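Taking it in order: structure first as structure tokens, then the write-up.
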2 protein chains.
Amino acid sequence: MFCHAAPRPRNAEATRAAILNASLERFSRESYDDVGMRDIAKDVGVDAALVSRYFGSKEDLFASVLDSCSNGSELMDGPRSGFGLRVAHAVIFEPKKEGKLKGLLIMLRSVGSTKAMEIVQRTGTERFFGPFADWVGGEDAMVRARLAAATIMGMAVSREITGGFGLNPEECKRLEARMGRILQDIIDG
Amino acid sequence: MFCHAAPRPRNAEATRAAILNASLERFSRESYDDVGMRDIAKDVGVDAALVSRYFGSKEDLFASVLDSCSNGSELMDGPRSGFGLRVAHAVIFEPKKEGKLKGLLIMLRSVGSTKAMEIVQRTGTERFFGPFADWVGGEDAMVRARLAAATIMGMAVSREITGGFGLNPEECKRLEARMGRILQDIIDG
DNA sequence: GCCGCTAGTCAACGCCCGGTGACTTAATGG
DNA sequence: CCATTAAGTCACCGGGCGTTGACTAGCGGC
């Protein structure tokens, strides 16, 4: 007989963190509208009501997730000279793991819900684009940062839209190379 | 006293066309989920039930819209040598008119709804990317077409995510120039 | 060993959506 | 001028969503 698995030790802090984490995962894989409170709750193994209770509302939860993942934009770790290829590889060949592009992905998925987009607009620029532009540096840093971010998100969109690319492996390889070069050119100035 | 404006002559064909047109407009500006049958109906000035009746279901309507706008992808008119700048200008400076990028925009907005994305996946590749790749031509046409489309959609996403860019006019101008050059390089080979 | 407090659950509410069957109204042909 | 038929409307359903107030169960202090 099933004993409801592990009944999860009563620990508000840990539960809260687990919810936040599950939400991050969900929101980076599905759109704001497609993610339901009940889905998140099921992932964690709690009741949906608890999610509302802890975070106030779905919008607040989304904002919290955005906050939690914006510190340390994951684009920027690793050597600068390998940036282009590294990111291109992640976007083209690791659609599941998605390396650590969660921040960008969540923003990307918010296109669709008016509410989610407002939240992203409120925090996205200073929390994400700002630090990224600083890392990019040099002349016209903000412009180049936007350009790079756009290229990355665009490729992610493009991939999803066709369900993987409709390309054979060699073509993917060449796509990776071209995209890598473009990205590198952008951040190199 | 108001006489309910013009009571719209009873003409099924015209009404059908009007609905299709209004849907195109809506779907290119808002996401699949955010567009309601009632919204579209209101735009046209008919009852929401009629929209369902004429097109079967929301998904069918969406598919019809996609069909109707995919013939003649609007990216490709105008001289080839001006492609990069022309498109960059449209994306960056004409967010409302959006030139005639409706096809791409609708696809872009479908990211979010699982249903909408399935429909796009079903028709997008051959109806949109195929013709575009033919137009691009040359070596690795499909790869370069995907790259160009990704760049365009990415910039559109990026713009929406921050609500316009957070850039001053000169920066926008430089963004346009850079993006134009990148696009042109892609389609030139 | 009981009590109080809090983490967590349960049932239900109100809302809005897409879709449908029964109705009303306008054009048309005899 | 009326009957017929198609065009359009209306009321309503069933379902899923986010959220809430009332409840239950487990842990810490005395």
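Order determines the names: the first chain of the structure tokens is A, the second B, and so forth; residues in each chain are numbered 1 upward, and ligands are numbered 1 upward as they are shown.
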
(request) May I have the residues of chain B within 8 Å of chain D, counting only C-alpha atoms (C1' of nucleotides), written as a list in words? (result)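 The complete set of qualifying residues is Arg10, Asn11, Ala12, Val46, Asp47 and Leu50 of chain B.
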
Distance limit 10 Å, atoms considered: only C-alpha atoms (C1' of nucleotides). Which chain B residues sit that close to chain C? Return them as a compact mmCIF listing (two decimals) with C-alpha atoms, in the first residue's frame.
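Output file result.txt is given in full below:
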# COMPACT_ATOMS: atom_id res chain seq x y z
CA PRO B 9 -25.37 44.31 -45.70
CA ARG B 10 -26.08 40.61 -45.47
CA ASN B 11 -23.30 39.08 -47.44
CA ASP B 33 -4.37 33.04 -26.20
CA GLY B 36 -10.71 35.98 -28.08
CA MET B 37 -13.46 35.08 -30.49
CA ARG B 38 -15.46 37.85 -28.93
CA ALA B 48 -19.07 35.86 -31.66
CA ALA B 49 -21.13 32.82 -32.52
CA SER B 52 -17.30 29.94 -34.68
CA ARG B 53 -19.94 29.04 -37.24
CA GLY B 56 -15.42 25.81 -37.11
CA SER B 57 -13.16 26.50 -34.20
CA LYS B 58 -10.54 28.93 -33.02

(message) Could you work out which residues of chain B fall inside 6 Å of chain A? Count only C-alpha atoms, and format the result as a list in words.
(response)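 Close enough to count are Ser31, Arg109, Gly112, Gln121, Val143, Ala150, Thr151, Met153, Gly154, Met155, Ser158, Ile161, Thr162 and Leu175 of chain B.
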
(request) Could you pull out the residues in range 6-185 of chain A that DSSP calls helix (DSSP H, G or I) from the backbone, as a PyMOL selection string? (result) chain A and resi 12-29+37-44+48-55+58-70+74-76+80-93+102-110+114-136+141-162+169-185

Save the residues we just selected, C-alpha atoms, as a CSV table (one decimal), in the first residue's frame?
chain,number,residue,atom,x,y,z
A,12,ALA,CA,7.9,26.6,5.0
A,13,GLU,CA,11.2,28.0,3.9
A,14,ALA,CA,12.2,24.8,2.0
A,15,THR,CA,8.8,24.4,0.5
A,16,ARG,CA,8.8,28.0,-0.7
A,17,ALA,CA,12.1,27.5,-2.3
A,18,ALA,CA,10.9,24.3,-4.0
A,19,ILE,CA,7.9,26.1,-5.4
A,20,LEU,CA,10.2,28.9,-6.7
A,21,ASN,CA,12.4,26.4,-8.3
A,22,ALA,CA,9.6,24.4,-9.9
A,23,SER,CA,8.2,27.6,-11.2
A,24,LEU,CA,11.5,28.6,-12.8
A,25,GLU,CA,11.6,25.3,-14.6
A,26,ARG,CA,8.0,25.5,-15.8
A,27,PHE,CA,8.2,29.1,-16.9
A,28,SER,CA,11.3,28.5,-18.8
A,29,ARG,CA,9.7,25.6,-20.7
A,37,MET,CA,-0.8,27.0,-10.5
A,38,ARG,CA,-2.0,23.5,-10.2
A,39,ASP,CA,0.9,22.3,-12.4
A,40,ILE,CA,3.5,23.9,-10.3
A,41,ALA,CA,1.9,22.6,-7.1
A,42,LYS,CA,1.8,19.1,-8.5
A,43,ASP,CA,5.5,19.3,-9.4
A,44,VAL,CA,6.3,20.2,-5.8
A,48,ALA,CA,-2.3,24.6,-5.5
A,49,ALA,CA,-3.7,26.9,-2.8
A,50,LEU,CA,-0.4,26.9,-1.1
A,51,VAL,CA,1.3,28.4,-4.1
A,52,SER,CA,-1.2,31.3,-4.1
A,53,ARG,CA,-0.8,31.7,-0.3
A,54,TYR,CA,3.0,31.9,-0.4
A,55,PHE,CA,3.4,34.2,-3.4
A,58,LYS,CA,0.4,34.2,-10.2
A,59,GLU,CA,1.8,37.5,-11.3
A,60,ASP,CA,3.7,38.0,-8.1
A,61,LEU,CA,5.1,34.5,-8.4
A,62,PHE,CA,6.2,35.2,-12.0
A,63,ALA,CA,7.9,38.4,-10.8
A,64,SER,CA,9.6,36.5,-8.0
A,65,VAL,CA,10.9,33.9,-10.4
A,66,LEU,CA,12.2,36.6,-12.7
A,67,ASP,CA,14.0,38.2,-9.7
A,68,SER,CA,15.5,34.9,-8.6
A,69,CYS,CA,17.1,34.1,-11.9
A,70,SER,CA,18.3,37.5,-13.0
A,74,GLU,CA,24.3,32.8,-17.3
A,75,LEU,CA,25.2,34.0,-20.7
A,76,MET,CA,28.4,35.5,-19.3
A,80,ARG,CA,34.7,35.7,-23.8
A,81,SER,CA,36.4,34.5,-26.9
A,82,GLY,CA,34.2,31.4,-27.0
A,83,PHE,CA,31.0,33.2,-26.4
A,84,GLY,CA,29.6,33.0,-29.9
A,85,LEU,CA,30.0,29.3,-30.4
A,86,ARG,CA,29.2,28.4,-26.8
A,87,VAL,CA,25.8,30.1,-27.0
A,88,ALA,CA,25.1,29.0,-30.5
A,89,HIS,CA,25.7,25.4,-29.5
A,90,ALA,CA,23.5,25.7,-26.5
A,91,VAL,CA,20.6,27.1,-28.5
A,92,ILE,CA,20.9,24.8,-31.5
A,93,PHE,CA,21.9,21.5,-29.9
A,102,LYS,CA,16.7,30.4,-18.5
A,103,GLY,CA,16.5,34.1,-18.0
A,104,LEU,CA,16.3,34.8,-21.7
A,105,LEU,CA,13.9,31.9,-22.2
A,106,ILE,CA,11.5,33.1,-19.6
A,107,MET,CA,11.4,36.5,-21.2
A,108,LEU,CA,10.9,35.0,-24.5
A,109,ARG,CA,8.0,32.9,-23.4
A,110,SER,CA,6.3,35.9,-21.9
A,114,THR,CA,0.1,40.9,-21.7
A,115,LYS,CA,0.4,40.6,-18.0
A,116,ALA,CA,3.7,38.6,-18.1
A,117,MET,CA,5.1,41.1,-20.6
A,118,GLU,CA,4.4,44.0,-18.3
A,119,ILE,CA,6.3,42.3,-15.6
A,120,VAL,CA,9.2,41.5,-17.8
A,121,GLN,CA,9.2,45.1,-19.0
A,122,ARG,CA,9.3,46.4,-15.5
A,123,THR,CA,12.4,44.4,-14.5
A,124,GLY,CA,14.0,43.1,-17.6
A,125,THR,CA,15.9,46.1,-18.7
A,126,GLU,CA,17.9,46.8,-15.6
A,127,ARG,CA,18.1,43.3,-14.3
A,128,PHE,CA,19.0,41.6,-17.5
A,129,PHE,CA,20.0,43.8,-20.4
A,130,GLY,CA,21.9,46.2,-18.2
A,131,PRO,CA,24.3,43.7,-16.7
A,132,PHE,CA,24.7,42.0,-20.0
A,133,ALA,CA,25.5,45.3,-21.7
A,134,ASP,CA,28.1,46.0,-19.0
A,135,TRP,CA,29.7,42.6,-19.7
A,136,VAL,CA,29.7,43.3,-23.4
A,141,ALA,CA,27.5,48.3,-25.6
A,142,MET,CA,23.7,48.5,-25.1
A,143,VAL,CA,23.1,48.4,-28.8
A,144,ARG,CA,25.3,45.4,-29.2
A,145,ALA,CA,23.9,43.6,-26.2
A,146,ARG,CA,20.4,44.0,-27.6
A,147,LEU,CA,21.5,42.7,-30.9
A,148,ALA,CA,23.1,39.7,-29.4
A,149,ALA,CA,20.1,38.9,-27.1
A,150,ALA,CA,17.8,39.3,-30.1
A,151,THR,CA,19.8,36.9,-32.2
A,152,ILE,CA,19.7,34.3,-29.4
A,153,MET,CA,16.1,34.6,-28.7
A,154,GLY,CA,15.2,34.7,-32.3
A,155,MET,CA,17.0,31.4,-32.9
A,156,ALA,CA,15.2,29.9,-29.9
A,157,VAL,CA,11.8,31.1,-31.3
A,158,SER,CA,12.7,29.8,-34.7
A,159,ARG,CA,13.6,26.4,-33.4
A,160,GLU,CA,10.3,26.1,-31.5
A,161,ILE,CA,8.2,27.3,-34.3
A,162,THR,CA,9.3,24.4,-36.5
A,169,PRO,CA,22.8,17.4,-38.9
A,170,GLU,CA,25.4,18.9,-41.3
A,171,GLU,CA,23.2,21.9,-41.9
A,172,CYS,CA,22.7,22.3,-38.2
A,173,LYS,CA,26.5,22.3,-37.8
A,174,ARG,CA,26.8,25.0,-40.4
A,175,LEU,CA,24.0,27.0,-38.7
A,176,GLU,CA,25.8,26.8,-35.5
A,177,ALA,CA,29.0,28.0,-37.1
A,178,ARG,CA,27.4,30.9,-38.8
A,179,MET,CA,25.4,31.9,-35.8
A,180,GLY,CA,28.5,31.6,-33.6
A,181,ARG,CA,30.4,33.9,-35.9
A,182,ILE,CA,27.7,36.5,-36.0
A,183,LEU,CA,27.4,36.6,-32.2
A,184,GLN,CA,31.1,36.8,-31.7
A,185,ASP,CA,31.3,39.6,-34.1

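Picture a line from CA of Asp188 in chain B to CA of Gly137 in chain B; it runs 9.1 Å.
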